[in-house]
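Asker: Sending over final_18.txt (compact mmCIF, C-alpha atoms and all ligand atoms).
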# COMPACT_ATOMS: atom_id res chain seq x y z
CA MET A 1 39.55 24.38 -10.43
CA LYS A 2 42.68 23.40 -8.57
CA SER A 3 44.71 26.13 -10.24
CA LEU A 4 42.03 28.69 -9.33
CA LEU A 5 42.32 27.67 -5.68
CA VAL A 6 46.11 28.04 -5.84
CA LEU A 7 45.70 31.49 -7.32
CA ILE A 8 43.29 32.58 -4.58
CA GLY A 9 45.62 31.14 -1.95
CA ALA A 10 48.59 33.08 -3.35
CA ALA A 11 46.58 36.30 -3.42
CA LEU A 12 45.51 35.85 0.21
CA ALA A 13 49.09 35.11 1.27
CA SER A 14 50.48 38.22 -0.37
CA PHE A 15 47.72 40.31 1.20
CA ALA A 16 48.69 38.95 4.61
CA VAL A 17 52.36 39.82 3.97
CA VAL A 18 51.44 43.38 3.03
CA ALA A 19 49.25 43.72 6.12
CA VAL A 20 52.02 42.45 8.43
CA PHE A 21 54.56 44.75 6.78
CA ALA A 22 52.31 47.77 7.24
CA ASP A 23 51.75 46.88 10.88
CA ASN A 24 55.49 46.56 11.52
CA ALA A 25 56.15 49.88 9.86
CA ALA A 26 53.59 51.55 12.11
CA SER A 27 55.02 50.12 15.31
CA GLU A 28 58.57 51.02 14.27
CA GLU A 29 57.41 54.55 13.71
CA GLN A 30 56.02 54.64 17.24
CA GLY A 31 59.11 53.08 18.75
CA ALA A 32 61.40 55.53 17.02
CA LYS A 33 59.78 58.47 18.68
CA PRO A 34 59.26 57.61 22.36
CA ALA A 35 59.50 61.23 23.39
CA ALA A 36 56.60 62.39 21.25
CA THR A 37 53.96 62.46 23.96
CA ALA A 38 50.75 64.37 23.54
CA GLU A 39 52.07 67.02 25.90
CA SER A 40 55.37 67.52 24.14
CA ALA A 41 53.58 67.57 20.82
CA ALA A 42 51.31 70.26 22.18
CA ALA A 43 54.29 72.19 23.50
CA GLU A 44 55.99 71.97 20.14
CA ALA A 45 52.92 72.61 18.04
CA ALA A 46 53.15 76.32 17.70
CA PRO A 47 50.24 77.87 15.87
CA SER A 48 51.08 78.15 12.17
CA ALA A 49 54.83 78.14 12.85
CA ALA A 50 55.29 75.08 10.69
CA VAL A 51 53.37 76.63 7.84
CA GLU A 52 55.57 79.65 7.30
CA GLU A 53 59.23 80.25 7.96
CA LYS A 54 59.00 84.02 8.01
CA PRO A 55 60.57 85.72 11.06
CA ALA A 56 57.21 87.27 11.92
CA ARG A 57 55.69 83.81 12.29
CA ARG A 58 58.63 82.62 14.32
CA SER A 59 58.15 85.41 16.81
CA ARG A 60 54.51 84.37 17.16
CA LYS A 61 55.73 80.91 18.07
CA SER A 62 57.94 82.25 20.85
CA MET A 63 55.08 84.44 22.10
CA ALA A 64 53.44 81.31 23.45
CA LEU A 65 56.20 81.18 26.08
CA GLU A 66 57.35 84.80 25.95
CA PRO A 67 59.49 85.13 29.10
CA LEU A 68 57.98 87.24 31.85
CA PRO A 69 60.19 90.00 33.31
CA PRO A 70 62.45 88.85 36.18
CA ASP A 71 60.64 91.13 38.67
CA THR A 72 57.29 89.42 38.04
CA ASP A 73 55.25 88.46 41.10
CA TRP A 74 55.47 84.72 40.41
CA GLU A 75 52.70 83.83 42.84
CA LYS A 76 50.21 85.84 40.82
CA VAL A 77 50.96 84.45 37.38
CA ASP A 78 48.12 82.66 35.61
CA TRP A 79 50.13 79.50 34.98
CA VAL A 80 47.21 77.53 33.61
CA SER A 81 46.92 79.81 30.64
CA ARG A 82 50.68 80.05 30.08
CA LEU A 83 51.63 76.39 30.30
CA THR A 84 50.67 73.14 28.66
CA PRO A 85 48.71 70.80 30.95
CA MET A 86 51.80 68.66 31.50
CA GLN A 87 54.03 71.66 32.23
CA PHE A 88 51.45 72.88 34.74
CA ARG A 89 51.09 69.51 36.47
CA VAL A 90 54.85 69.12 36.79
CA THR A 91 56.02 72.63 37.65
CA ARG A 92 53.11 73.90 39.75
CA GLN A 93 51.75 70.63 41.19
CA ALA A 94 55.01 68.66 41.55
CA HIS A 95 53.93 65.75 39.39
CA THR A 96 56.49 63.60 37.58
CA GLU A 97 56.35 62.88 33.88
CA GLN A 98 56.99 59.40 32.48
CA PRO A 99 60.57 58.23 32.03
CA PHE A 100 61.79 57.82 28.44
CA ARG A 101 58.60 59.47 27.20
CA ASN A 102 59.58 63.08 27.68
CA GLU A 103 61.19 65.66 25.48
CA PHE A 104 64.82 65.95 26.61
CA TRP A 105 65.86 62.68 28.30
CA ASN A 106 67.88 61.75 25.22
CA ASN A 107 68.66 65.22 23.90
CA LYS A 108 72.36 65.36 23.09
CA LYS A 109 72.42 68.75 21.40
CA PRO A 110 74.58 71.50 22.91
CA GLY A 111 72.60 74.27 24.48
CA GLU A 112 70.97 75.76 27.56
CA TYR A 113 68.15 74.44 29.71
CA ARG A 114 65.99 77.18 31.19
CA CYS A 115 63.07 77.14 33.62
CA VAL A 116 59.94 76.80 31.52
CA ASN A 117 58.07 79.08 33.93
CA CYS A 118 60.39 82.05 34.48
CA ASP A 119 63.16 81.45 31.91
CA GLN A 120 65.93 81.36 34.50
CA LEU A 121 69.02 79.58 33.16
CA LEU A 122 69.36 76.34 35.15
CA PHE A 123 71.64 73.89 33.33
CA THR A 124 73.72 73.58 30.19
CA SER A 125 74.49 70.58 28.02
CA LYS A 126 78.05 70.64 29.44
CA THR A 127 76.87 68.99 32.65
CA LYS A 128 74.18 66.73 31.15
CA PHE A 129 74.92 63.03 31.24
CA GLU A 130 73.29 59.73 30.40
CA SER A 131 72.03 58.37 33.70
CA GLY A 132 69.77 55.70 32.24
CA CYS A 133 66.87 56.84 34.41
CA GLY A 134 64.80 58.20 31.51
CA TRP A 135 64.79 61.85 32.56
CA PRO A 136 67.27 64.61 31.68
CA SER A 137 70.11 64.30 34.19
CA PHE A 138 72.78 66.83 35.10
CA TRP A 139 75.66 66.71 37.56
CA LEU A 140 75.64 70.46 38.24
CA PRO A 141 73.42 73.50 37.73
CA VAL A 142 74.94 76.65 36.20
CA THR A 143 75.35 78.19 39.66
CA ASP A 144 74.43 77.16 43.20
CA ASP A 145 71.84 79.88 43.58
CA VAL A 146 69.49 79.00 40.70
CA ILE A 147 68.02 75.95 42.45
CA THR A 148 66.63 75.45 45.94
CA GLU A 149 66.44 72.09 47.70
CA HIS A 150 63.59 70.81 49.87
CA PRO A 151 63.11 67.55 51.80
CA ASP A 152 60.44 65.42 50.14
CA TYR A 153 58.88 62.47 51.98
CA THR A 154 56.11 61.68 49.50
CA LEU A 155 55.61 58.20 47.97
CA ASN A 156 57.19 56.65 51.09
CA MET A 157 60.60 57.84 49.99
CA GLN A 158 63.17 60.25 51.34
CA ARG A 159 64.21 62.49 48.51
CA ILE A 160 65.43 66.02 47.96
CA GLU A 161 63.14 68.02 45.73
CA THR A 162 64.64 70.69 43.49
CA ARG A 163 62.82 73.90 42.65
CA CYS A 164 63.65 76.95 40.58
CA ALA A 165 65.03 79.54 43.00
CA ARG A 166 63.35 82.37 41.16
CA CYS A 167 59.76 81.18 40.61
CA ALA A 168 59.57 78.05 42.81
CA ALA A 169 58.69 75.79 39.87
CA HIS A 170 59.08 72.11 40.74
CA LEU A 171 61.96 70.74 38.66
CA GLY A 172 62.61 67.23 39.97
CA HIS A 173 64.96 65.75 42.56
CA VAL A 174 68.66 65.54 43.28
CA PHE A 175 70.36 62.29 44.24
CA ASN A 176 73.83 61.34 45.44
CA ASP A 177 74.47 58.71 42.76
CA GLY A 178 75.76 60.98 40.02
CA PRO A 179 79.11 60.92 38.25
CA ARG A 180 82.26 62.73 39.22
CA PRO A 181 83.25 65.41 39.92
CA THR A 182 80.17 66.25 42.02
CA GLY A 183 78.65 62.81 42.51
CA LEU A 184 75.24 64.44 42.09
CA ARG A 185 72.40 63.56 39.76
CA TYR A 186 69.90 66.32 39.17
CA CYS A 187 66.99 64.31 37.78
CA ILE A 188 64.81 66.91 36.09
CA ASN A 189 61.44 66.71 34.34
CA SER A 190 61.62 67.76 30.69
CA ALA A 191 58.31 69.56 31.22
CA SER A 192 60.11 71.93 33.62
CA LEU A 193 62.66 72.91 31.01
CA ARG A 194 62.93 75.06 27.92
CA PHE A 195 65.84 74.06 25.71
CA VAL A 196 67.70 76.71 23.73
CA SER A 197 70.23 75.32 21.25
CA ALA A 198 73.81 76.65 21.37
CA LYS A 199 73.26 78.14 17.95
CA ASP A 200 70.25 80.12 19.16
CA VAL A 201 72.08 81.15 22.33
CA LYS A 202 74.91 82.58 20.25
CA ALA A 203 72.50 84.28 17.89
CA ALA A 204 70.67 85.86 20.82
CA LYS A 205 73.88 87.06 22.43
CA GLY A 206 75.38 88.19 19.17
CA ASP A 207 78.71 86.55 19.88
CA ALA A 208 80.33 83.22 20.64
CA SER A 209 80.73 83.63 24.38
CA GLY A 210 77.63 81.85 25.60
CA ALA A 211 77.45 80.18 28.98
CA ILE A 212 77.92 76.84 27.27
CA GLU A 213 81.43 77.78 26.19
CA LYS A 214 82.54 78.53 29.70
CA ALA A 215 83.58 75.78 32.05
CA ALA A 216 81.02 75.31 34.78
CA PRO A 217 82.34 75.99 38.29
CA VAL A 218 82.72 72.66 40.03
CA LYS A 219 81.83 72.35 43.66
CA SER A 220 81.47 69.01 45.32
CA ARG A 221 79.30 68.39 48.29
ZN ZN B 1 61.63 79.45 37.31
Take the structure I supplied and represent it as structure tokens, if you would.

Answerer:
Amino acid sequence: MKSLLVLIGAALASFAVVAVFADNAASEEQGAKPAATAESAAAEAAPSAAVEEKPARRSRKSMALEPLPPDTDWEKVDWVSRLTPMQFRVTRQAHTEQPFRNEFWNNKKPGEYRCVNCDQLLFTSKTKFESGCGWPSFWLPVTDDVITEHPDYTLNMQRIETRCARCAAHLGHVFNDGPRPTGLRYCINSASLRFVSAKDVKAAKGDASGAIEKAAPVKSR
């Protein structure tokens, strides 16, 4: 009888160990992917793109955000149908996504960051830096004229809002606590951006002279 009790006890203990292990594995999985929000998952989840690797399927994936022509009347675009709910809330309603739980805050790949609404080139990885704030941060846009600045007194704060100069999409804010040489920190919502890897930029341009290769013009304030 005593040995039977010992056996049952051992079985229960090992079950508990397995249960704890499984629980830890699940939480580690969650912790390893802080950027995988529902919105970013939706933005990434292209219909049937993951199923097939054929070029035809890939072009269907890009059709979801097929860039509109530059001469589009941006005030008449049906943004709700073109954007994910998070992209719409951020770019058209000036909301802010959560820090550390967005797509590009920790993206270290070389490439271009374009406006998710109108596809205007805004930043490159050359001027991205780790600010610790939990949003993608840049010390300079590609040129002065791609972003407009607007005083923002919401949330009882004095900030400078940044918008896309072409389509007026809300991007984020710019602060004066950035690194040299500009001292600026363009704190941008990932939901406002479309990232194009350097490899894809080169492939699209058909050569190796993408904007990323060129030194960004530096202008301090
Ligand atoms: Zn834009």

Asker: When you count all atoms listed in the file, which of these residues is closest to Gly178 of chain A: A:Trp105, A:Phe100, A:Trp139, A:Trp79?

Answerer: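 Nearest candidate to Gly178 of chain A out of A:Trp105, A:Phe100, A:Trp139, A:Trp79: A:Trp139.
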
Asker: I'd like to know which of A:Gly134, A:Thr143, A:Glu112, A:Thr127 is closest to Lys202 of chain A, using all atoms listed in the file.

Answerer: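 Among the listed residues, the smallest separation from Lys202 of chain A belongs to A:Glu112.
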
Asker: Step by step, measure atom-to-atom distances between ligand ZN 1 (chain B) and each residue using all atoms listed in the file, keep those at most 8 Å, then write them as number ranges by chain.

Answerer: A: 114-120, 163-169

Asker: Please save C-alpha atoms of the selected residues as a CSV table (one decimal), keeping the file's coordinate frame.

Answerer:
chain,number,residue,atom,x,y,z
A,114,ARG,CA,66.0,77.2,31.2
A,115,CYS,CA,63.1,77.1,33.6
A,116,VAL,CA,59.9,76.8,31.5
A,117,ASN,CA,58.1,79.1,33.9
A,118,CYS,CA,60.4,82.0,34.5
A,119,ASP,CA,63.2,81.4,31.9
A,120,GLN,CA,65.9,81.4,34.5
A,163,ARG,CA,62.8,73.9,42.6
A,164,CYS,CA,63.6,77.0,40.6
A,165,ALA,CA,65.0,79.5,43.0
A,166,ARG,CA,63.4,82.4,41.2
A,167,CYS,CA,59.8,81.2,40.6
A,168,ALA,CA,59.6,78.0,42.8
A,169,ALA,CA,58.7,75.8,39.9

Asker: What is the distance between atom CA of Tyr113 of chain A and atom CA of Ser125 of chain A, in Å to one decimal?

Answerer: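 A separation of 7.6 Å between them.
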
Asker: In Å, how far is it from atom CA of Asn107 of chain A to atom CA of Tyr186 of chain A?

Answerer: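 Those two atoms sit 15.4 Å apart.
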
Asker: So that I can see what lies close to Pro179 of chain A, please list as JSON, numbers by chain the residues with an atom at most 9 Å from it, counting only C-alpha atoms and leaving out residues fewer than 5 positions away in the same chain.

Answerer: {"A": [129, 131, 139, 184, 185]}

Asker: Where atoms are absent from segment 69-81 of chain A, fill them in so it carries N, CA and C atoms, then output it as a compact mmCIF listing (two decimals), in the coordinates of the input.

Answerer:
# COMPACT_ATOMS: atom_id res chain seq x y z
N PRO A 69 59.06 89.27 32.73
CA PRO A 69 60.19 90.00 33.31
C PRO A 69 60.63 89.40 34.64
N PRO A 70 61.93 89.47 34.96
CA PRO A 70 62.45 88.85 36.18
C PRO A 70 61.80 89.36 37.46
N ASP A 71 61.25 90.59 37.44
CA ASP A 71 60.64 91.13 38.67
C ASP A 71 59.15 90.80 38.79
N THR A 72 58.69 89.84 37.98
CA THR A 72 57.29 89.42 38.04
C THR A 72 56.95 88.86 39.43
N ASP A 73 55.74 89.10 39.87
CA ASP A 73 55.25 88.46 41.10
C ASP A 73 54.81 87.05 40.71
N TRP A 74 55.69 86.07 40.94
CA TRP A 74 55.47 84.72 40.41
C TRP A 74 54.26 84.03 41.02
N GLU A 75 53.86 84.47 42.20
CA GLU A 75 52.70 83.83 42.84
C GLU A 75 51.39 84.27 42.20
N LYS A 76 51.45 85.33 41.41
CA LYS A 76 50.21 85.84 40.82
C LYS A 76 50.09 85.54 39.33
N VAL A 77 51.01 84.77 38.80
CA VAL A 77 50.96 84.45 37.38
C VAL A 77 49.86 83.42 37.10
N ASP A 78 49.15 83.61 36.02
CA ASP A 78 48.12 82.66 35.61
C ASP A 78 48.79 81.52 34.85
N TRP A 79 49.34 80.57 35.59
CA TRP A 79 50.13 79.50 34.98
C TRP A 79 49.29 78.61 34.08
N VAL A 80 48.05 78.42 34.42
CA VAL A 80 47.21 77.53 33.61
C VAL A 80 47.14 78.01 32.17
N SER A 81 47.05 79.31 32.00
CA SER A 81 46.92 79.81 30.64
C SER A 81 48.27 79.92 29.93
